[in-house]
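Taking it in order: structure first as structure tokens, then the write-up.
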Amino acid sequence: MNKRILLLSLLGLFIVGCKSKKAYSDNLRTKNVLSERNKKKPNTPTSNEDAFLPEDSGEFITFAIESIPEYIATFSEVAQLEMKAYGIPASITLAQGLLESGYGKGELALKTNNHFGIKCHKGWQGDYDFHDDDEKGECFRKYNHPMYSFRDHSNFLTTRSRYAFLFNYRNTDYKRWAHGLRKAGYATDKKYPQKLIYLIEKHQLYKYDKEIAKAGYRSNSVVATEADVVHVVSKGDTLYSLSRKYYVSVDALMQMNNLRNVDLAIGQKLLVKGANVNR
């Protein structure tokens, strides 16, 4: 009799445990739970470049935008600030935001403030939600404020080596950037570049690039002088090996080439000060 009671008790605990696991799983998919691994909120400003970003209060804030001109008016300054800090054309940022978010009125943008369709990817420790895209129920990043989506877009492009070649283009050359994003695999749509270029030219978004260029912010494009050396990255090159070859520090290489991380892409052009080469 006692054995039967014990067996029934264990069975009851097993059933309750299974229900709890399912409830937790369902809860995870519907409430956009912040990862327990995230000891520090990724949306919290940490540097001078983040100084203009609003403080993350933990509250989900979204903007009611009714038209494309209103979207541009709302986010053009943000896109220009990102261009100053990261070298990505403001026109490209705005065009991608318009296209990926449905000018802020798309389902994903409304429920996540994700204006660039950036998926969770390995290593993402921020908030997230699930949305049908190329596949059903894919994981997308979620932000408490739209401006953090713009900052994450900049970080996304500057910290992945497959986009490194884009920063060899002038940051006023929106056409090459549009085609380069498709080449790097940002979108699967074969007409993605044409769509971006159409939005840029229809709404004259290129004027925001010109304003930043006119203000004195240099182009990404590497232009060598007689005193400089341009190195084309080949297989096996690292910033450390290049620093030894050209007698220049890794930090100096990163500053000269506007690099945000140490990842290099084959074919990438790097500007190197000084012509003494260790042969």
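For the structure tokens, the naming scheme is as follows: chains receive sequential letters (A, B, ...) according to their order of presentation, residues are indexed from 1 within each chain, and ligands are indexed from 1 in presentation order.
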Do you know which residues are at most 10 Å from Asp133 in chain A counting only C-alpha atoms, after dropping those on the same chain fewer than 3 positions away, and could you put them as an mmCIF file with N, CA and C atoms, in the first residue's frame?
data_model
loop_
_atom_site.group_PDB
_atom_site.id
_atom_site.type_symbol
_atom_site.label_atom_id
_atom_site.label_comp_id
_atom_site.auth_asym_id
_atom_site.auth_seq_id
_atom_site.Cartn_x
_atom_site.Cartn_y
_atom_site.Cartn_z
ATOM 1 N N LEU A 108 6.682 43.371 -36.992
ATOM 2 C CA LEU A 108 7.898 43.142 -36.208
ATOM 3 C C LEU A 108 8.357 44.419 -35.528
ATOM 4 N N GLY A 117 15.277 44.212 -39.091
ATOM 5 C CA GLY A 117 15.091 42.785 -39.300
ATOM 6 C C GLY A 117 16.255 41.940 -38.827
ATOM 7 N N LYS A 119 18.074 39.281 -36.755
ATOM 8 C CA LYS A 119 17.699 38.102 -35.981
ATOM 9 C C LYS A 119 18.606 37.957 -34.762
ATOM 10 N N PHE A 130 9.488 36.205 -31.267
ATOM 11 C CA PHE A 130 9.449 35.276 -32.381
ATOM 12 C C PHE A 130 8.522 35.807 -33.465
ATOM 13 N N LYS A 136 9.151 29.814 -40.128
ATOM 14 C CA LYS A 136 8.124 30.121 -39.122
ATOM 15 C C LYS A 136 8.750 30.233 -37.731
ATOM 16 N N GLY A 137 8.355 31.249 -36.984
ATOM 17 C CA GLY A 137 8.771 31.391 -35.593
ATOM 18 C C GLY A 137 10.247 31.667 -35.394
ATOM 19 N N GLU A 138 10.848 32.520 -36.237
ATOM 20 C CA GLU A 138 12.264 32.836 -36.084
ATOM 21 C C GLU A 138 12.461 33.848 -34.957
ATOM 22 N N CYS A 139 13.642 33.789 -34.352
ATOM 23 C CA CYS A 139 13.955 34.656 -33.214
ATOM 24 C C CYS A 139 14.540 35.990 -33.699
ATOM 25 N N PHE A 140 13.925 37.082 -33.282
ATOM 26 C CA PHE A 140 14.384 38.419 -33.640
ATOM 27 C C PHE A 140 14.705 39.237 -32.392
#
DSSP-assigned alpha helix (DSSP H) among range 51-260 of chain A, expressed as a PyMOL selection string: chain A and resi 68-86+90-101+107-112+146-158+174-184+192-202+206-214+239-246+250-256
Listing only residues of range 157-267 of chain A within 12 Å of range 76-85 of chain A, what is the closest atom pair and its distance in Å (to one decimal) for each, using only C-alpha atoms, sorted by chain and residue number ascending, as JSON lines?
{"residue": "A:Leu157", "atom": "CA", "partner": "A:Glu82", "partner_atom": "CA", "distance": 11.6}
{"residue": "A:Thr158", "atom": "CA", "partner": "A:Ala85", "partner_atom": "CA", "distance": 10.9}
{"residue": "A:Phe167", "atom": "CA", "partner": "A:Met83", "partner_atom": "CA", "distance": 11.7}
{"residue": "A:Arg170", "atom": "CA", "partner": "A:Met83", "partner_atom": "CA", "distance": 11.7}
{"residue": "A:Asn171", "atom": "CA", "partner": "A:Met83", "partner_atom": "CA", "distance": 8.2}
{"residue": "A:Thr172", "atom": "CA", "partner": "A:Met83", "partner_atom": "CA", "distance": 10.2}
{"residue": "A:His203", "atom": "CA", "partner": "A:Ser76", "partner_atom": "CA", "distance": 11.7}
{"residue": "A:Gln204", "atom": "CA", "partner": "A:Ser76", "partner_atom": "CA", "distance": 11.6}
{"residue": "A:Leu205", "atom": "CA", "partner": "A:Ser76", "partner_atom": "CA", "distance": 8.6}
{"residue": "A:Tyr206", "atom": "CA", "partner": "A:Ser76", "partner_atom": "CA", "distance": 10.9}
{"residue": "A:Lys207", "atom": "CA", "partner": "A:Ser76", "partner_atom": "CA", "distance": 10.3}
{"residue": "A:Tyr208", "atom": "CA", "partner": "A:Gln80", "partner_atom": "CA", "distance": 6.7}
{"residue": "A:Asp209", "atom": "CA", "partner": "A:Gln80", "partner_atom": "CA", "distance": 7.4}
{"residue": "A:Lys210", "atom": "CA", "partner": "A:Gln80", "partner_atom": "CA", "distance": 10.1}
{"residue": "A:Glu211", "atom": "CA", "partner": "A:Gln80", "partner_atom": "CA", "distance": 8.6}
{"residue": "A:Ile212", "atom": "CA", "partner": "A:Gln80", "partner_atom": "CA", "distance": 6.9}
{"residue": "A:Ala213", "atom": "CA", "partner": "A:Lys84", "partner_atom": "CA", "distance": 9.2}
{"residue": "A:Lys214", "atom": "CA", "partner": "A:Lys84", "partner_atom": "CA", "distance": 11.8}
{"residue": "A:Ala215", "atom": "CA", "partner": "A:Lys84", "partner_atom": "CA", "distance": 9.8}
{"residue": "A:Gly216", "atom": "CA", "partner": "A:Lys84", "partner_atom": "CA", "distance": 9.9}
{"residue": "A:Tyr217", "atom": "CA", "partner": "A:Lys84", "partner_atom": "CA", "distance": 6.8}
{"residue": "A:Arg218", "atom": "CA", "partner": "A:Lys84", "partner_atom": "CA", "distance": 9.1}
{"residue": "A:Ser219", "atom": "CA", "partner": "A:Lys84", "partner_atom": "CA", "distance": 10.1}
{"residue": "A:Asn220", "atom": "CA", "partner": "A:Met83", "partner_atom": "CA", "distance": 10.5}
{"residue": "A:Asn258", "atom": "CA", "partner": "A:Ala85", "partner_atom": "CA", "distance": 9.5}
{"residue": "A:Leu259", "atom": "CA", "partner": "A:Ala85", "partner_atom": "CA", "distance": 11.2}
{"residue": "A:Arg260", "atom": "CA", "partner": "A:Ala85", "partner_atom": "CA", "distance": 10.3}
Output file for the residues above (N, CA and C atoms, as a JSON list (two decimals), in the first residue's frame):
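Now in result-v7.json:
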[["chain", "number", "residue", "atom", "x", "y", "z"],
["A", 157, "LEU", "N", 26.86, 45.72, -38.43],
["A", 157, "LEU", "CA", 27.64, 45.83, -39.66],
["A", 157, "LEU", "C", 29.14, 45.98, -39.41],
["A", 158, "THR", "N", 29.49, 46.57, -38.28],
["A", 158, "THR", "CA", 30.91, 46.84, -38.03],
["A", 158, "THR", "C", 31.61, 45.74, -37.25],
["A", 167, "PHE", "N", 33.34, 48.95, -45.87],
["A", 167, "PHE", "CA", 33.99, 50.13, -45.33],
["A", 167, "PHE", "C", 35.20, 50.57, -46.16],
["A", 170, "ARG", "N", 33.35, 54.60, -50.25],
["A", 170, "ARG", "CA", 33.08, 55.93, -49.69],
["A", 170, "ARG", "C", 31.70, 55.91, -49.03],
["A", 171, "ASN", "N", 31.60, 56.59, -47.91],
["A", 171, "ASN", "CA", 30.31, 56.57, -47.21],
["A", 171, "ASN", "C", 29.31, 57.55, -47.81],
["A", 172, "THR", "N", 29.62, 58.06, -49.00],
["A", 172, "THR", "CA", 28.64, 58.82, -49.78],
["A", 172, "THR", "C", 28.22, 58.02, -51.03],
["A", 203, "HIS", "N", 13.27, 59.76, -52.07],
["A", 203, "HIS", "CA", 13.11, 60.65, -50.92],
["A", 203, "HIS", "C", 14.37, 61.49, -50.63],
["A", 204, "GLN", "N", 15.29, 61.47, -51.59],
["A", 204, "GLN", "CA", 16.51, 62.28, -51.52],
["A", 204, "GLN", "C", 17.27, 62.08, -50.20],
["A", 205, "LEU", "N", 17.38, 60.83, -49.81],
["A", 205, "LEU", "CA", 18.07, 60.52, -48.55],
["A", 205, "LEU", "C", 19.56, 60.78, -48.64],
["A", 206, "TYR", "N", 20.10, 60.82, -49.85],
["A", 206, "TYR", "CA", 21.53, 61.09, -50.04],
["A", 206, "TYR", "C", 21.96, 62.44, -49.50],
["A", 207, "LYS", "N", 21.00, 63.36, -49.34],
["A", 207, "LYS", "CA", 21.36, 64.68, -48.83],
["A", 207, "LYS", "C", 21.88, 64.61, -47.40],
["A", 208, "TYR", "N", 21.45, 63.59, -46.65],
["A", 208, "TYR", "CA", 21.93, 63.44, -45.27],
["A", 208, "TYR", "C", 23.39, 62.99, -45.25],
["A", 209, "ASP", "N", 23.80, 62.20, -46.27],
["A", 209, "ASP", "CA", 25.21, 61.82, -46.40],
["A", 209, "ASP", "C", 26.06, 63.05, -46.70],
["A", 210, "LYS", "N", 25.56, 63.86, -47.63],
["A", 210, "LYS", "CA", 26.32, 65.03, -48.06],
["A", 210, "LYS", "C", 26.51, 66.03, -46.92],
["A", 211, "GLU", "N", 25.50, 66.15, -46.06],
["A", 211, "GLU", "CA", 25.61, 67.06, -44.92],
["A", 211, "GLU", "C", 26.74, 66.64, -43.99],
["A", 212, "ILE", "N", 26.86, 65.34, -43.74],
["A", 212, "ILE", "CA", 27.92, 64.84, -42.87],
["A", 212, "ILE", "C", 29.28, 64.99, -43.54],
["A", 213, "ALA", "N", 29.35, 64.69, -44.84],
["A", 213, "ALA", "CA", 30.61, 64.85, -45.57],
["A", 213, "ALA", "C", 31.04, 66.31, -45.59],
["A", 214, "LYS", "N", 30.08, 67.20, -45.78],
["A", 214, "LYS", "CA", 30.37, 68.64, -45.81],
["A", 214, "LYS", "C", 30.86, 69.14, -44.47],
["A", 215, "ALA", "N", 30.42, 68.48, -43.40],
["A", 215, "ALA", "CA", 30.82, 68.88, -42.05],
["A", 215, "ALA", "C", 32.25, 68.46, -41.73],
["A", 216, "GLY", "N", 32.89, 67.72, -42.65],
["A", 216, "GLY", "CA", 34.29, 67.40, -42.46],
["A", 216, "GLY", "C", 34.57, 65.98, -42.01],
["A", 217, "TYR", "N", 33.56, 65.13, -41.95],
["A", 217, "TYR", "CA", 33.79, 63.74, -41.56],
["A", 217, "TYR", "C", 34.30, 62.98, -42.77],
["A", 218, "ARG", "N", 35.47, 62.34, -42.62],
["A", 218, "ARG", "CA", 36.15, 61.74, -43.76],
["A", 218, "ARG", "C", 35.42, 60.51, -44.27],
["A", 219, "SER", "N", 35.68, 60.21, -45.54],
["A", 219, "SER", "CA", 35.11, 59.02, -46.17],
["A", 219, "SER", "C", 35.79, 57.78, -45.65],
["A", 220, "ASN", "N", 35.10, 56.64, -45.74],
["A", 220, "ASN", "CA", 35.71, 55.36, -45.38],
["A", 220, "ASN", "C", 36.78, 54.95, -46.38],
["A", 258, "ASN", "N", 39.42, 52.98, -39.40],
["A", 258, "ASN", "CA", 38.08, 53.07, -38.84],
["A", 258, "ASN", "C", 37.51, 51.69, -38.52],
["A", 259, "LEU", "N", 38.37, 50.82, -37.96],
["A", 259, "LEU", "CA", 37.95, 49.45, -37.63],
["A", 259, "LEU", "C", 37.36, 49.41, -36.23],
["A", 260, "ARG", "N", 36.30, 48.64, -36.07],
["A", 260, "ARG", "CA", 35.64, 48.50, -34.77],
["A", 260, "ARG", "C", 36.02, 47.20, -34.08]]
I need the strand (DSSP E) residues of range 86-145 of chain A per DSSP on the backbone, written as a list in words. Tyr128, Asp129, Phe130, His131, Glu138, Cys139, Phe140 and Arg141 of chain A
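The shortest atom-to-atom distance to Gly236 in chain A, with only C-alpha atoms taken into account, belongs to A:Ala265 out of A:Val248, A:Leu271, A:Cys120, A:Ala265.
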Counting only C-alpha atoms, the residue of A:Asp152, A:Glu201, A:Glu107, A:Glu70 that sits nearest Gly126 in chain A: A:Asp152
Could you tell me how far CA of Leu239 in chain A sits from CA of Asp263 in chain A, in Å to one decimal place? 8.2 Å
Applying 9 Å and only C-alpha atoms, which residues near range 55-68 of chain A remain after dropping the ones on its own chain fewer than 5 positions away? List them as a JSON list (two decimals) with N, CA and C atoms, in the first residue's frame.
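And here's out30.json as it stands now:
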[["chain", "number", "residue", "atom", "x", "y", "z"],
["A", 41, "LYS", "N", 22.61, 45.15, -19.23],
["A", 41, "LYS", "CA", 21.72, 45.43, -20.34],
["A", 41, "LYS", "C", 22.52, 45.94, -21.53],
["A", 43, "ASN", "N", 21.46, 47.55, -23.95],
["A", 43, "ASN", "CA", 20.92, 48.82, -24.41],
["A", 43, "ASN", "C", 21.34, 50.01, -23.57],
["A", 44, "THR", "N", 22.24, 49.79, -22.62],
["A", 44, "THR", "CA", 22.65, 50.87, -21.74],
["A", 44, "THR", "C", 23.88, 51.59, -22.30],
["A", 45, "PRO", "N", 23.82, 52.94, -22.50],
["A", 45, "PRO", "CA", 24.97, 53.66, -23.04],
["A", 45, "PRO", "C", 26.21, 53.43, -22.20],
["A", 73, "ALA", "N", 11.76, 62.15, -40.97],
["A", 73, "ALA", "CA", 11.93, 63.29, -40.07],
["A", 73, "ALA", "C", 12.28, 62.83, -38.66],
["A", 74, "THR", "N", 11.74, 61.71, -38.25],
["A", 74, "THR", "CA", 11.97, 61.20, -36.90],
["A", 74, "THR", "C", 13.37, 60.63, -36.72],
["A", 98, "LEU", "N", 13.42, 52.03, -43.44],
["A", 98, "LEU", "CA", 12.13, 52.17, -44.13],
["A", 98, "LEU", "C", 11.66, 50.83, -44.70],
["A", 102, "GLY", "N", 8.82, 48.63, -42.71],
["A", 102, "GLY", "CA", 7.57, 49.13, -43.26],
["A", 102, "GLY", "C", 7.29, 50.53, -42.74],
["A", 103, "TYR", "N", 8.33, 51.37, -42.76],
["A", 103, "TYR", "CA", 8.39, 52.72, -42.17],
["A", 103, "TYR", "C", 7.80, 52.76, -40.75],
["A", 104, "GLY", "N", 8.20, 51.75, -39.97],
["A", 104, "GLY", "CA", 7.84, 51.72, -38.56],
["A", 104, "GLY", "C", 6.48, 51.15, -38.26],
["A", 105, "LYS", "N", 5.76, 50.72, -39.31],
["A", 105, "LYS", "CA", 4.40, 50.22, -39.10],
["A", 105, "LYS", "C", 4.28, 48.71, -39.29],
["A", 109, "ALA", "N", 8.34, 45.53, -36.26],
["A", 109, "ALA", "CA", 8.78, 46.81, -35.70],
["A", 109, "ALA", "C", 7.89, 47.25, -34.54],
["A", 110, "LEU", "N", 6.60, 47.05, -34.68],
["A", 110, "LEU", "CA", 5.66, 47.49, -33.65],
["A", 110, "LEU", "C", 5.81, 46.70, -32.35],
["A", 111, "LYS", "N", 6.12, 45.40, -32.46],
["A", 111, "LYS", "CA", 6.18, 44.61, -31.24],
["A", 111, "LYS", "C", 7.59, 44.45, -30.68],
["A", 112, "THR", "N", 8.61, 44.87, -31.45],
["A", 112, "THR", "CA", 10.00, 44.70, -30.97],
["A", 112, "THR", "C", 10.87, 45.94, -31.11],
["A", 113, "ASN", "N", 10.40, 46.98, -31.80],
["A", 113, "ASN", "CA", 11.25, 48.14, -32.14],
["A", 113, "ASN", "C", 12.46, 47.73, -33.00],
["A", 143, "TYR", "N", 14.11, 45.59, -28.72],
["A", 143, "TYR", "CA", 14.73, 46.74, -28.06],
["A", 143, "TYR", "C", 13.65, 47.55, -27.35],
["A", 144, "ASN", "N", 14.02, 48.17, -26.25],
["A", 144, "ASN", "CA", 13.07, 48.98, -25.51],
["A", 144, "ASN", "C", 12.83, 50.36, -26.12],
["A", 145, "HIS", "N", 13.69, 50.74, -27.07],
["A", 145, "HIS", "CA", 13.56, 52.05, -27.72],
["A", 145, "HIS", "C", 14.03, 51.91, -29.16],
["A", 146, "PRO", "N", 13.36, 52.54, -30.13],
["A", 146, "PRO", "CA", 13.78, 52.43, -31.53],
["A", 146, "PRO", "C", 15.23, 52.84, -31.77],
["A", 203, "HIS", "N", 13.27, 59.76, -52.07],
["A", 203, "HIS", "CA", 13.11, 60.65, -50.92],
["A", 203, "HIS", "C", 14.37, 61.49, -50.63]]
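Taking CA of Gly97 in chain A as the reference point, CA of Gly123 in chain A is found at 23.2 Å.
You can rank A:Tyr240, A:Phe150, A:Phe156, A:Tyr169 by their closest distance to His115 in chain A using only C-alpha atoms, and at the top of that list sits A:Phe150.
Interatomic distance, CA of Leu181 in chain A against CA of Asp127 in chain A: 25.4 Å.
Using only C-alpha atoms for every distance, the candidate list A:Leu94, A:Leu253, A:Leu264, A:Leu196 yields A:Leu264 as the residue closest to Leu166 in chain A.
Checking A:Asn257, A:Tyr71, A:Ser91, A:Ile266 one by one against Ile197 in chain A, counting only C-alpha atoms, you find the shortest gap at A:Ser91.
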